[in-house]
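Shown here: final.cif, mmCIF, C-alpha atoms.
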```
data_structure
#
loop_
_atom_site.label_atom_id
_atom_site.label_comp_id
_atom_site.auth_asym_id
_atom_site.auth_seq_id
_atom_site.Cartn_x
_atom_site.Cartn_y
_atom_site.Cartn_z
CA MET A 1130 -68.82 -50.58 -115.72
CA GLY A 1131 -68.11 -51.97 -119.22
CA SER A 1132 -64.92 -53.62 -120.40
CA ALA A 1133 -62.82 -50.56 -121.24
CA GLN A 1134 -59.08 -50.56 -120.70
CA GLN A 1135 -58.13 -49.38 -117.21
CA LEU A 1136 -55.89 -46.36 -117.66
CA HIS A 1137 -52.96 -45.29 -115.46
CA LEU A 1138 -52.86 -41.56 -114.74
CA GLY A 1139 -50.02 -39.47 -113.37
CA VAL A 1140 -49.99 -35.69 -113.11
CA ALA A 1141 -47.20 -33.11 -113.18
CA LEU A 1142 -47.17 -30.58 -110.34
CA ASP A 1143 -44.57 -28.27 -111.83
CA GLY A 1144 -44.61 -24.66 -110.63
CA ALA A 1145 -47.76 -22.75 -111.55
CA GLY A 1146 -48.52 -25.17 -114.39
CA GLN A 1147 -47.14 -26.54 -117.64
CA HIS A 1148 -47.53 -23.34 -119.64
CA PRO A 1149 -44.68 -20.81 -119.23
CA ALA A 1150 -47.18 -18.01 -118.56
CA ALA A 1151 -49.26 -19.97 -116.05
CA TRP A 1152 -48.02 -17.80 -113.19
CA ARG A 1153 -49.55 -14.74 -114.86
CA VAL A 1154 -53.09 -16.12 -114.81
CA SER A 1155 -53.06 -18.52 -111.85
CA ASP A 1156 -54.55 -17.55 -108.50
CA VAL A 1157 -51.50 -19.09 -106.80
CA ARG A 1158 -49.21 -16.45 -105.34
CA PRO A 1159 -45.63 -16.66 -106.69
CA ALA A 1160 -44.14 -17.09 -103.22
CA ALA A 1161 -46.29 -20.20 -102.71
CA LEU A 1162 -44.33 -22.01 -105.43
CA PHE A 1163 -41.47 -22.26 -102.93
CA THR A 1164 -43.50 -23.91 -100.18
CA ALA A 1165 -44.26 -27.57 -99.58
CA ALA A 1166 -47.88 -26.57 -98.92
CA HIS A 1167 -48.35 -25.66 -102.60
CA TYR A 1168 -47.36 -29.15 -103.73
CA LEU A 1169 -49.24 -30.83 -100.90
CA ALA A 1170 -52.50 -29.11 -101.88
CA HIS A 1171 -52.22 -30.35 -105.46
CA ALA A 1172 -51.07 -33.81 -104.44
CA LYS A 1173 -54.17 -34.03 -102.25
CA LEU A 1174 -56.37 -33.20 -105.26
CA ALA A 1175 -54.70 -36.00 -107.21
CA GLU A 1176 -54.99 -38.36 -104.25
CA ALA A 1177 -58.71 -37.65 -103.78
CA ALA A 1178 -59.19 -38.77 -107.39
CA SER A 1179 -57.10 -41.95 -106.80
CA LEU A 1180 -54.59 -41.01 -109.48
CA ASP A 1181 -51.53 -43.25 -109.71
CA PHE A 1182 -48.82 -40.70 -108.99
CA VAL A 1183 -47.63 -37.10 -109.14
CA THR A 1184 -44.31 -35.90 -110.54
CA LEU A 1185 -42.21 -32.84 -109.82
CA ASP A 1186 -39.62 -31.59 -112.28
CA ASP A 1187 -36.08 -30.72 -111.23
CA THR A 1188 -32.73 -29.82 -112.76
CA LEU A 1189 -29.40 -28.58 -111.41
CA ALA A 1190 -29.70 -25.25 -113.26
CA LEU A 1191 -32.17 -22.38 -113.39
CA GLN A 1192 -35.02 -22.68 -115.84
CA SER A 1193 -34.21 -21.28 -119.26
CA GLY A 1194 -35.85 -18.03 -120.30
CA GLY A 1195 -35.89 -14.47 -119.12
CA GLU A 1196 -37.98 -12.47 -116.68
CA GLU A 1197 -41.23 -13.77 -118.19
CA VAL A 1198 -40.88 -17.33 -116.84
CA VAL A 1199 -40.84 -18.82 -113.35
CA ARG A 1200 -37.23 -19.25 -112.29
CA GLY A 1201 -36.07 -21.12 -109.24
CA ARG A 1202 -37.48 -24.28 -107.71
CA LEU A 1203 -37.42 -26.46 -104.62
CA ASP A 1204 -35.54 -29.75 -104.62
CA ALA A 1205 -38.10 -32.23 -105.94
CA LEU A 1206 -37.15 -35.22 -103.83
CA LEU A 1207 -36.93 -33.24 -100.59
CA THR A 1208 -40.29 -31.58 -101.33
CA PHE A 1209 -41.96 -34.94 -101.80
CA ALA A 1210 -40.28 -36.23 -98.64
CA ALA A 1211 -41.91 -33.34 -96.80
CA ILE A 1212 -45.41 -34.16 -98.05
CA ALA A 1213 -45.05 -37.95 -97.88
CA PRO A 1214 -46.16 -38.34 -94.24
CA VAL A 1215 -49.31 -36.26 -94.80
CA THR A 1216 -50.47 -38.12 -97.91
CA SER A 1217 -51.72 -41.69 -97.89
CA GLY A 1218 -52.40 -43.04 -101.38
CA ILE A 1219 -50.78 -41.01 -104.13
CA GLY A 1220 -47.46 -42.14 -105.61
CA LEU A 1221 -44.62 -39.62 -105.37
CA VAL A 1222 -42.18 -39.55 -108.30
CA PRO A 1223 -39.59 -36.75 -108.11
CA THR A 1224 -37.13 -36.01 -110.88
CA VAL A 1225 -33.50 -36.74 -109.93
CA THR A 1226 -30.62 -35.63 -112.16
CA THR A 1227 -28.26 -38.58 -112.51
CA THR A 1228 -25.29 -37.00 -114.30
CA HIS A 1229 -23.84 -35.08 -111.34
CA THR A 1230 -25.29 -37.21 -108.52
CA GLU A 1231 -23.70 -40.38 -107.16
CA PRO A 1232 -25.91 -43.47 -107.54
CA PHE A 1233 -25.22 -44.38 -103.89
CA HIS A 1234 -26.81 -41.07 -102.82
CA ILE A 1235 -29.75 -41.52 -105.19
CA SER A 1236 -30.43 -45.03 -103.92
CA THR A 1237 -30.50 -44.03 -100.26
CA ALA A 1238 -32.52 -40.85 -100.87
CA VAL A 1239 -35.21 -42.65 -102.89
CA ALA A 1240 -35.26 -45.54 -100.40
CA SER A 1241 -35.77 -42.99 -97.61
CA LEU A 1242 -38.67 -41.45 -99.56
CA ASP A 1243 -40.16 -44.93 -99.87
CA PHE A 1244 -39.97 -45.37 -96.09
CA ALA A 1245 -41.42 -41.88 -95.49
CA SER A 1246 -44.32 -42.56 -97.86
CA ARG A 1247 -44.87 -46.15 -96.70
CA GLY A 1248 -44.20 -47.61 -100.14
CA ARG A 1249 -45.34 -44.91 -102.56
CA ALA A 1250 -42.01 -43.65 -103.92
CA GLY A 1251 -40.63 -43.60 -107.40
CA VAL A 1252 -37.86 -41.75 -109.19
CA LEU A 1253 -37.80 -40.09 -112.61
CA ALA A 1254 -34.16 -40.56 -113.60
CA VAL A 1255 -32.99 -37.83 -115.98
CA PRO A 1256 -29.49 -37.11 -117.32
CA SER A 1257 -28.03 -33.60 -117.57
CA ARG A 1258 -27.06 -32.23 -120.97
CA THR A 1259 -26.26 -28.56 -120.27
CA GLU A 1260 -23.08 -26.59 -119.76
CA ALA A 1261 -24.82 -24.62 -117.00
CA GLU A 1262 -25.12 -27.73 -114.84
CA VAL A 1263 -21.55 -28.81 -115.58
CA SER A 1264 -20.26 -25.40 -114.47
CA HIS A 1265 -21.92 -25.77 -111.05
CA PHE A 1266 -19.67 -28.70 -110.22
CA GLY A 1267 -16.43 -28.27 -112.16
CA ARG A 1268 -15.52 -31.95 -111.99
CA ARG A 1269 -16.11 -33.03 -115.55
CA ILE A 1270 -16.76 -31.90 -119.10
CA LEU A 1271 -20.21 -31.96 -120.65
CA PRO A 1272 -20.95 -35.56 -121.66
CA SER A 1273 -22.28 -36.30 -125.11
CA GLU A 1274 -25.99 -37.08 -125.32
CA ALA A 1275 -25.20 -40.76 -125.88
CA ASP A 1276 -22.83 -40.90 -122.89
CA ALA A 1277 -25.29 -39.07 -120.63
CA GLU A 1278 -28.03 -41.54 -121.54
CA ALA A 1279 -25.73 -44.53 -121.07
CA GLU A 1280 -24.69 -43.22 -117.65
CA ASN A 1281 -28.34 -42.70 -116.72
CA ALA A 1282 -29.02 -46.35 -117.56
CA GLU A 1283 -26.05 -47.46 -115.46
CA VAL A 1284 -27.33 -45.42 -112.52
CA VAL A 1285 -30.74 -47.13 -112.82
CA ASP A 1286 -28.97 -50.50 -112.75
CA VAL A 1287 -26.79 -49.62 -109.74
CA ILE A 1288 -29.55 -48.18 -107.57
CA ALA A 1289 -31.60 -51.37 -107.99
CA ARG A 1290 -28.56 -53.41 -106.91
CA LEU A 1291 -28.12 -51.21 -103.85
CA TRP A 1292 -31.81 -51.55 -102.92
CA ASP A 1293 -31.32 -55.32 -103.11
CA SER A 1294 -28.12 -55.30 -101.02
CA TRP A 1295 -30.29 -55.75 -97.92
CA GLU A 1296 -32.69 -58.68 -98.00
CA ASP A 1297 -36.17 -58.10 -96.62
CA GLY A 1298 -35.45 -60.06 -93.43
CA ALA A 1299 -32.02 -58.55 -92.73
CA ILE A 1300 -33.14 -56.74 -89.57
CA ILE A 1301 -33.70 -59.39 -86.91
CA ARG A 1302 -33.16 -57.58 -83.57
CA ASP A 1303 -32.20 -60.78 -81.78
CA GLU A 1304 -31.74 -59.59 -78.20
CA PRO A 1305 -30.50 -62.91 -76.73
CA THR A 1306 -27.56 -63.03 -79.19
CA GLY A 1307 -27.10 -59.26 -79.42
CA ARG A 1308 -27.53 -59.24 -83.20
CA PHE A 1309 -29.50 -56.39 -84.76
CA ILE A 1310 -28.97 -57.56 -88.34
CA ASP A 1311 -28.35 -60.88 -90.01
CA ARG A 1312 -25.03 -60.34 -91.79
CA GLU A 1313 -25.81 -63.21 -94.16
CA LYS A 1314 -28.60 -61.07 -95.59
CA LEU A 1315 -26.39 -58.07 -96.41
CA HIS A 1316 -24.66 -58.23 -99.76
CA TYR A 1317 -21.80 -56.45 -101.51
CA VAL A 1318 -22.96 -55.39 -104.96
CA ASP A 1319 -19.38 -55.36 -106.34
CA PHE A 1320 -20.45 -53.40 -109.39
CA GLU A 1321 -17.87 -52.52 -112.04
CA GLY A 1322 -19.33 -50.59 -114.96
CA ARG A 1323 -18.30 -48.05 -117.53
CA PHE A 1324 -19.03 -45.09 -115.26
CA PHE A 1325 -19.09 -46.40 -111.69
CA SER A 1326 -17.38 -48.83 -109.37
CA ILE A 1327 -19.63 -49.53 -106.39
CA LYS A 1328 -18.90 -51.87 -103.48
CA GLY A 1329 -21.99 -51.66 -101.27
CA PRO A 1330 -23.96 -52.62 -99.32
CA SER A 1331 -26.32 -49.67 -98.94
CA ILE A 1332 -26.56 -47.86 -95.61
CA THR A 1333 -30.36 -47.92 -95.90
CA PRO A 1334 -32.37 -51.17 -95.55
CA ARG A 1335 -34.30 -52.47 -98.54
CA PRO A 1336 -37.22 -50.08 -99.11
CA PRO A 1337 -40.83 -51.15 -98.52
CA GLN A 1338 -41.48 -51.74 -102.23
CA GLY A 1339 -38.20 -53.56 -102.69
CA HIS A 1340 -37.67 -51.45 -105.79
CA PRO A 1341 -39.33 -48.03 -105.81
CA VAL A 1342 -40.77 -47.37 -109.27
CA VAL A 1343 -38.19 -46.17 -111.82
CA ALA A 1344 -39.39 -43.89 -114.62
CA VAL A 1345 -37.48 -42.39 -117.54
CA TYR A 1346 -38.35 -40.27 -120.55
CA GLY A 1347 -38.86 -42.11 -123.80
CA ASP A 1348 -36.31 -40.14 -125.80
CA SER A 1349 -33.60 -42.28 -124.19
CA PRO A 1350 -32.23 -45.20 -126.22
CA TYR A 1351 -31.64 -46.94 -122.86
CA ALA A 1352 -35.20 -46.68 -121.52
CA HIS A 1353 -35.98 -50.38 -121.71
CA GLY A 1354 -34.98 -51.23 -118.14
CA ALA A 1355 -37.40 -48.77 -116.52
CA ASP A 1356 -40.78 -49.61 -115.00
CA VAL A 1357 -42.47 -46.57 -116.55
CA VAL A 1358 -41.56 -44.70 -119.74
CA LEU A 1359 -42.97 -41.19 -120.23
CA ILE A 1360 -43.24 -40.34 -123.92
CA ASP A 1361 -44.09 -37.32 -126.06
CA GLU A 1362 -43.97 -39.12 -129.41
CA ILE A 1363 -46.69 -41.77 -129.31
CA ARG A 1364 -46.43 -43.20 -132.82
CA GLY A 1365 -44.64 -46.54 -132.70
CA ALA A 1366 -43.84 -46.18 -129.00
CA ARG A 1367 -45.21 -49.59 -127.99
CA GLU A 1368 -42.83 -51.31 -130.39
CA ARG A 1369 -39.88 -49.35 -128.94
CA PHE A 1370 -40.71 -50.10 -125.29
CA PRO A 1371 -42.53 -53.46 -125.20
CA GLY A 1372 -42.09 -54.25 -121.50
CA ALA A 1373 -42.71 -50.94 -119.73
CA LYS A 1374 -45.80 -49.09 -118.61
CA LEU A 1375 -46.11 -46.50 -121.36
CA LEU A 1376 -47.62 -43.12 -120.44
CA ALA A 1377 -47.94 -40.28 -122.94
CA GLY A 1378 -47.39 -36.71 -121.80
CA LEU A 1379 -50.50 -34.61 -122.39
CA SER A 1380 -50.86 -30.88 -121.68
CA ILE A 1381 -54.46 -29.92 -120.92
CA VAL A 1382 -56.48 -26.69 -121.04
CA LEU A 1383 -59.99 -27.32 -119.74
CA ALA A 1384 -63.21 -25.35 -119.26
CA GLU A 1385 -66.92 -26.06 -118.99
CA THR A 1386 -67.38 -25.34 -122.72
CA GLU A 1387 -65.04 -25.85 -125.65
CA GLN A 1388 -65.17 -22.16 -126.52
CA ALA A 1389 -64.21 -21.16 -122.98
CA ALA A 1390 -61.26 -23.57 -123.13
CA LEU A 1391 -60.14 -22.10 -126.46
CA ASP A 1392 -60.41 -18.62 -124.95
CA ARG A 1393 -58.25 -19.68 -122.01
CA ARG A 1394 -55.66 -21.09 -124.39
CA ARG A 1395 -55.61 -17.89 -126.47
CA VAL A 1396 -54.93 -15.82 -123.36
CA LEU A 1397 -51.96 -18.02 -122.49
CA GLU A 1398 -50.66 -17.90 -126.05
CA THR A 1399 -50.67 -14.10 -126.05
CA TYR A 1400 -47.85 -14.39 -123.52
CA ALA A 1401 -45.92 -17.37 -124.86
CA PRO A 1402 -46.38 -20.35 -127.21
CA PHE A 1403 -47.38 -23.71 -125.81
CA PRO A 1404 -44.52 -26.14 -125.18
CA PRO A 1405 -44.20 -28.75 -127.94
CA GLY A 1406 -45.92 -32.09 -127.48
CA LEU A 1407 -49.38 -33.61 -127.30
CA SER A 1408 -52.07 -31.27 -125.97
CA PHE A 1409 -55.83 -31.15 -125.48
CA THR A 1410 -58.07 -28.09 -125.27
CA GLY A 1411 -61.75 -28.62 -124.48
CA THR A 1412 -64.17 -29.86 -121.83
CA PRO A 1413 -63.45 -32.42 -119.10
CA ALA A 1414 -66.09 -34.73 -120.59
CA ASP A 1415 -64.61 -34.57 -124.08
CA LEU A 1416 -61.16 -35.34 -122.63
CA ALA A 1417 -62.62 -38.41 -120.92
CA THR A 1418 -63.83 -39.60 -124.33
CA GLU A 1419 -60.49 -38.88 -126.01
CA LEU A 1420 -58.13 -40.56 -123.51
CA PRO A 1421 -59.34 -44.17 -123.95
CA ARG A 1422 -59.39 -43.71 -127.73
CA LEU A 1423 -55.80 -42.43 -127.78
CA ALA A 1424 -54.65 -45.21 -125.47
CA ALA A 1425 -56.31 -48.00 -127.46
CA SER A 1426 -55.11 -46.77 -130.85
CA ASN A 1427 -51.49 -46.31 -129.76
CA GLY A 1428 -50.91 -49.14 -127.30
CA LEU A 1429 -50.61 -46.78 -124.32
CA ASP A 1430 -51.10 -47.76 -120.69
CA GLY A 1431 -52.13 -44.26 -119.68
CA PHE A 1432 -51.17 -40.61 -119.54
CA HIS A 1433 -48.88 -38.20 -117.74
CA ILE A 1434 -51.24 -35.24 -117.43
CA ARG A 1435 -49.65 -31.77 -117.49
CA PRO A 1436 -52.16 -29.14 -116.34
CA ALA A 1437 -51.54 -25.88 -118.21
CA VAL A 1438 -52.45 -23.86 -115.12
CA LEU A 1439 -52.57 -24.95 -111.48
CA PRO A 1440 -54.89 -25.46 -109.76
CA ASP A 1441 -57.45 -24.69 -112.50
CA ASP A 1442 -56.84 -27.53 -114.94
CA LEU A 1443 -56.05 -30.13 -112.30
CA ALA A 1444 -59.27 -29.29 -110.43
CA LEU A 1445 -61.35 -29.62 -113.62
CA PHE A 1446 -59.59 -32.86 -114.54
CA THR A 1447 -60.19 -34.51 -111.16
CA ALA A 1448 -63.75 -33.20 -110.78
CA GLY A 1449 -64.90 -33.79 -114.36
CA THR A 1450 -62.68 -36.07 -116.42
CA VAL A 1451 -61.94 -38.71 -113.79
CA PRO A 1452 -65.61 -39.36 -112.85
CA ALA A 1453 -66.46 -39.69 -116.56
CA LEU A 1454 -63.63 -42.19 -117.03
CA ARG A 1455 -64.93 -44.16 -114.05
CA ALA A 1456 -68.44 -44.19 -115.47
CA ALA A 1457 -67.00 -45.66 -118.67
CA GLY A 1458 -65.07 -48.31 -116.74
CA ALA A 1459 -61.72 -46.80 -117.82
CA PHE A 1460 -60.35 -45.85 -114.39
CA ARG A 1461 -60.39 -47.25 -110.86
CA GLN A 1462 -63.08 -46.28 -108.40
CA ALA A 1463 -60.58 -46.14 -105.53
CA TYR A 1464 -57.12 -47.38 -104.62
CA THR A 1465 -57.08 -51.16 -104.28
CA GLY A 1466 -53.48 -51.42 -103.00
CA THR A 1467 -51.21 -49.42 -100.78
CA THR A 1468 -48.01 -48.98 -102.82
CA LEU A 1469 -47.16 -47.30 -106.09
CA ARG A 1470 -46.20 -50.69 -107.52
CA ASP A 1471 -49.72 -51.85 -106.58
CA HIS A 1472 -51.30 -48.89 -108.40
CA LEU A 1473 -49.30 -49.64 -111.54
CA GLY A 1474 -49.77 -53.42 -111.37
CA LEU A 1475 -46.02 -54.04 -111.33
CA GLY A 1476 -45.97 -56.91 -108.87
CA VAL A 1477 -43.37 -57.70 -106.22
CA ALA A 1478 -39.78 -56.76 -107.03
CA ALA A 1479 -37.47 -59.77 -106.78
CA ASN A 1480 -34.20 -59.43 -104.87
CA GLN A 1481 -31.33 -60.39 -107.18
CA TYR A 1482 -29.04 -61.35 -104.29
CA ALA A 1483 -31.44 -63.41 -102.18
CA GLU A 1484 -31.28 -67.19 -102.50
CA ALA A 1485 -34.19 -68.77 -104.31
#
```

Is it possible to express this structure as structure tokens?
Amino acid sequence: MGSAQQLHLGVALDGAGQHPAAWRVSDVRPAALFTAAHYLAHAKLAEAASLDFVTLDDTLALQSGGEEVVRGRLDALLTFAAIAPVTSGIGLVPTVTTTHTEPFHISTAVASLDFASRGRAGVLAVPSRTEAEVSHFGRRILPSEADAEAENAEVVDVIARLWDSWEDGAIIRDEPTGRFIDREKLHYVDFEGRFFSIKGPSITPRPPQGHPVVAVYGDSPYAHGADVVLIDEIRGARERFPGAKLLAGLSIVLAETEQAALDRRRVLETYAPFPPGLSFTGTPADLATELPRLAASNGLDGFHIRPAVLPDDLALFTAGTVPALRAAGAFRQAYTGTTLRDHLGLGVAANQYAEA
């Protein structure tokens, strides 16, 4: 097995793949992108490889671009709620836009996903910065980038308080006294912040993980309170986010030979350029060599893998890269816990309202 660092691996299940032209070369039919079965099939691939989690992107506006890009999407959280009961190990981390969504609603929805998945839920909290999203609601002006990020951080704070507003033993079902809950174990959060005033308690009991895993993108100046930070700029990232699990986004184009991978990439680039950010083009085995090196040299805990084309690059990653990482002692052989917090080694979430 060796003594290599054990990596954490998440994978993005967005549309037909990370590349804007993925739908033009993928075997997936366009209509399938709007079915839960599409995301279930790819989540099952990730689960069979014992990956930590899958993500699904979401916004409150159509994707930018013209007729040449996939436009339209399913609600990420509801899609993962649909596949939660028919998966068993993989973590489910949907994107939720915080700017136009009340934290009370986010807290109950993510808690419900945690119940549906039996402790495998997370949330990727993302602010909105577009006029298109503002115009859908008509209740506010477009916040500045700084205000949107500050509000996102306040939402992350509030949802954790609401998850804690029920203690773990609040439901007692005491038939002799006729008490279903112990009122002493329900708490008002009484939150007064810059953006929200929240009384509480939640209407949903404390979720199985206590706190479902909270992830944010690393371009936020307020990312320090999150469990997981997803970054595109890896240089100096460990110094910026010392306490979080740090996963670098990595787009991948794989094939059995390096030349075949380069050919696949060229075909995609005839349609559209690759999105900016870290990318790898080559064989699954070479990627397995590169990931531990990148992690060790940059203080990373792992990677948020973005397959260029689904299912092609995810299938090659799980069938080729993951076994090679295991052989090098750099990735788990199988799940050793049952929750997403277990997979990420985050430990038990303390309840801030419970007595010591």

I'd like the neighbourhood of stretch 1445-1462 of chain A as a PyMOL selection string, where a residue qualifies if any of its atoms comes within 12 Å (using only C-alpha atoms), though same-chain residues fewer than 4 positions away should be ignored. chain A and resi 1130-1140+1171-1181+1380-1386+1390+1409-1422+1424-1425+1430-1432+1434-1441+1466+1472-1473

By how many Å are atom CA of A:Ile1332 and atom CA of A:Thr1237 apart? 7.2 Å

Determine the residue set returned by the PyMOL selection byres ((chain A and resi 1277) around 12) for the present structure, and present it as a ChimeraX atom specification. /A:1226-1229,1254-1259,1270-1276,1278-1284,1323-1324,1349-1351

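One distance worth recording is that between atom CA of A:Arg1202 and atom CA of A:Gln1338, which is 28.3 Å.
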
Expansion of the PyMOL selection byres ((chain A and resi 1244) around 12) into residues, as a PyMOL selection string: chain A and resi 1210+1213-1214+1221+1237-1243+1245-1251+1333-1341+1468

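Among the candidates A:Leu1191, A:Phe1209, A:Arg1394, A:Ala1352, the one nearest to A:Leu1169 when counting all atoms listed in the file is A:Phe1209.
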
The distance between atom CA of A:Ser1326 and atom CA of A:Ser1236 is 14.6 Å

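Nearest residue to A:Asp1143 among A:Ala1401, A:Ile1235, A:Leu1315, A:Ala1205 is A:Ala1205, counting only C-alpha atoms.
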
Listing only residues of stretch 1316-1427 of chain A within 9 Å of stretch 1149-1156 of chain A, what is the closest atom pair and its distance in Å (to one decimal) for each, using all atoms listed in the file, sorted by chain and residue number ascending, as JSON lines?
```
{"residue": "A:Val1396", "atom": "CA", "partner": "A:Val1154", "partner_atom": "CA", "distance": 8.8}
{"residue": "A:Leu1397", "atom": "CA", "partner": "A:Ala1150", "partner_atom": "CA", "distance": 6.2}
{"residue": "A:Glu1398", "atom": "CA", "partner": "A:Ala1150", "partner_atom": "CA", "distance": 8.3}
{"residue": "A:Tyr1400", "atom": "CA", "partner": "A:Ala1150", "partner_atom": "CA", "distance": 6.2}
{"residue": "A:Ala1401", "atom": "CA", "partner": "A:Ala1150", "partner_atom": "CA", "distance": 6.5}
{"residue": "A:Pro1402", "atom": "CA", "partner": "A:Pro1149", "partner_atom": "CA", "distance": 8.2}
{"residue": "A:Phe1403", "atom": "CA", "partner": "A:Pro1149", "partner_atom": "CA", "distance": 7.7}
{"residue": "A:Pro1404", "atom": "CA", "partner": "A:Pro1149", "partner_atom": "CA", "distance": 8.0}
```

Could the centre and edge lengths of an axis-aligned box, enclosing all atoms of stretch 1164-1183 of chain A in the file with 8 Å extra on each side, be given in Å to one decimal as lines of an AutoDock Vina configuration file?
```
center_x = -51.3
center_y = -33.6
center_z = -104.3
size_x = 31.7
size_y = 35.3
size_z = 26.8
```

Using the chain letters and numbers from the file, give me the residues hit by the PyMOL selection byres ((chain A and resi 1293) around 7), as a PyMOL selection string. chain A and resi 1289-1292+1294-1296+1335+1480-1482

Counting all atoms listed in the file, the option among A:Asp1319, A:Glu1313, A:Glu1362, A:Asp1187 closest to A:Val1252: A:Asp1187

Which one of A:Val1343, A:Glu1197, A:Pro1159, A:Val1225 sits closest to A:Arg1470 if you count all atoms listed in the file? A:Val1343

Which is closer to A:Val1263 than all the others in A:Val1222, A:Ala1190, A:Ala1299, A:Leu1391, using all atoms listed in the file? A:Ala1190

Reconstruct all heavy atoms of stretch 1318-1324 of chain A; output as a PDB file, keeping the file's coordinate frame.
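Produced file out-v4.pdb, reproduced below:
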```
ATOM      1  N   VAL A1318     -22.481 -55.366-103.575  1.00  0.00           N
ATOM      2  CA  VAL A1318     -22.960 -55.390-104.960  1.00  0.00           C
ATOM      3  C   VAL A1318     -21.792 -55.578-105.933  1.00  0.00           C
ATOM      4  O   VAL A1318     -21.987 -56.092-107.038  1.00  0.00           O
ATOM      5  CB  VAL A1318     -23.757 -54.112-105.304  1.00  0.00           C
ATOM      6  CG1 VAL A1318     -24.935 -53.947-104.371  1.00  0.00           C
ATOM      7  CG2 VAL A1318     -22.884 -52.868-105.286  1.00  0.00           C
ATOM      8  N   ASP A1319     -20.585 -55.144-105.523  1.00  0.00           N
ATOM      9  CA  ASP A1319     -19.380 -55.360-106.340  1.00  0.00           C
ATOM     10  C   ASP A1319     -19.614 -55.018-107.805  1.00  0.00           C
ATOM     11  O   ASP A1319     -19.325 -55.807-108.706  1.00  0.00           O
ATOM     12  CB  ASP A1319     -18.899 -56.817-106.207  1.00  0.00           C
ATOM     13  CG  ASP A1319     -18.295 -57.094-104.845  1.00  0.00           C
ATOM     14  OD1 ASP A1319     -17.698 -56.171-104.261  1.00  0.00           O
ATOM     15  OD2 ASP A1319     -18.431 -58.229-104.356  1.00  0.00           O
ATOM     16  N   PHE A1320     -20.126 -53.815-108.020  1.00  0.00           N
ATOM     17  CA  PHE A1320     -20.450 -53.400-109.390  1.00  0.00           C
ATOM     18  C   PHE A1320     -19.261 -52.715-110.053  1.00  0.00           C
ATOM     19  O   PHE A1320     -18.669 -51.788-109.492  1.00  0.00           O
ATOM     20  CB  PHE A1320     -21.646 -52.450-109.387  1.00  0.00           C
ATOM     21  CG  PHE A1320     -22.029 -51.949-110.754  1.00  0.00           C
ATOM     22  CD1 PHE A1320     -22.860 -52.695-111.565  1.00  0.00           C
ATOM     23  CD2 PHE A1320     -21.551 -50.727-111.220  1.00  0.00           C
ATOM     24  CE1 PHE A1320     -23.216 -52.240-112.833  1.00  0.00           C
ATOM     25  CE2 PHE A1320     -21.898 -50.271-112.479  1.00  0.00           C
ATOM     26  CZ  PHE A1320     -22.735 -51.034-113.291  1.00  0.00           C
ATOM     27  N   GLU A1321     -18.902 -53.151-111.230  1.00  0.00           N
ATOM     28  CA  GLU A1321     -17.870 -52.520-112.040  1.00  0.00           C
ATOM     29  C   GLU A1321     -18.483 -52.222-113.406  1.00  0.00           C
ATOM     30  O   GLU A1321     -18.744 -53.131-114.189  1.00  0.00           O
ATOM     31  CB  GLU A1321     -16.651 -53.431-112.215  1.00  0.00           C
ATOM     32  CG  GLU A1321     -15.871 -53.684-110.939  1.00  0.00           C
ATOM     33  CD  GLU A1321     -14.958 -52.527-110.562  1.00  0.00           C
ATOM     34  OE1 GLU A1321     -14.783 -51.617-111.412  1.00  0.00           O
ATOM     35  OE2 GLU A1321     -14.451 -52.520-109.433  1.00  0.00           O
ATOM     36  N   GLY A1322     -18.723 -50.950-113.684  1.00  0.00           N
ATOM     37  CA  GLY A1322     -19.330 -50.590-114.960  1.00  0.00           C
ATOM     38  C   GLY A1322     -18.469 -49.594-115.703  1.00  0.00           C
ATOM     39  O   GLY A1322     -17.316 -49.324-115.343  1.00  0.00           O
ATOM     40  N   ARG A1323     -19.036 -49.028-116.725  1.00  0.00           N
ATOM     41  CA  ARG A1323     -18.300 -48.050-117.530  1.00  0.00           C
ATOM     42  C   ARG A1323     -18.097 -46.746-116.772  1.00  0.00           C
ATOM     43  O   ARG A1323     -17.071 -46.084-116.921  1.00  0.00           O
ATOM     44  CB  ARG A1323     -19.079 -47.795-118.828  1.00  0.00           C
ATOM     45  CG  ARG A1323     -18.446 -46.751-119.724  1.00  0.00           C
ATOM     46  CD  ARG A1323     -19.282 -46.521-120.967  1.00  0.00           C
ATOM     47  NE  ARG A1323     -18.842 -45.331-121.671  1.00  0.00           N
ATOM     48  CZ  ARG A1323     -19.532 -44.736-122.640  1.00  0.00           C
ATOM     49  NH1 ARG A1323     -20.697 -45.260-123.025  1.00  0.00           N
ATOM     50  NH2 ARG A1323     -19.070 -43.647-123.222  1.00  0.00           N
ATOM     51  N   PHE A1324     -19.078 -46.386-115.930  1.00  0.00           N
ATOM     52  CA  PHE A1324     -19.030 -45.090-115.260  1.00  0.00           C
ATOM     53  C   PHE A1324     -18.797 -45.172-113.762  1.00  0.00           C
ATOM     54  O   PHE A1324     -18.319 -44.212-113.156  1.00  0.00           O
ATOM     55  CB  PHE A1324     -20.348 -44.328-115.513  1.00  0.00           C
ATOM     56  CG  PHE A1324     -20.637 -44.084-116.964  1.00  0.00           C
ATOM     57  CD1 PHE A1324     -21.452 -44.955-117.683  1.00  0.00           C
ATOM     58  CD2 PHE A1324     -20.098 -42.989-117.614  1.00  0.00           C
ATOM     59  CE1 PHE A1324     -21.723 -44.733-119.020  1.00  0.00           C
ATOM     60  CE2 PHE A1324     -20.362 -42.763-118.955  1.00  0.00           C
ATOM     61  CZ  PHE A1324     -21.174 -43.636-119.660  1.00  0.00           C
TER      62      PHE A1324
END
```
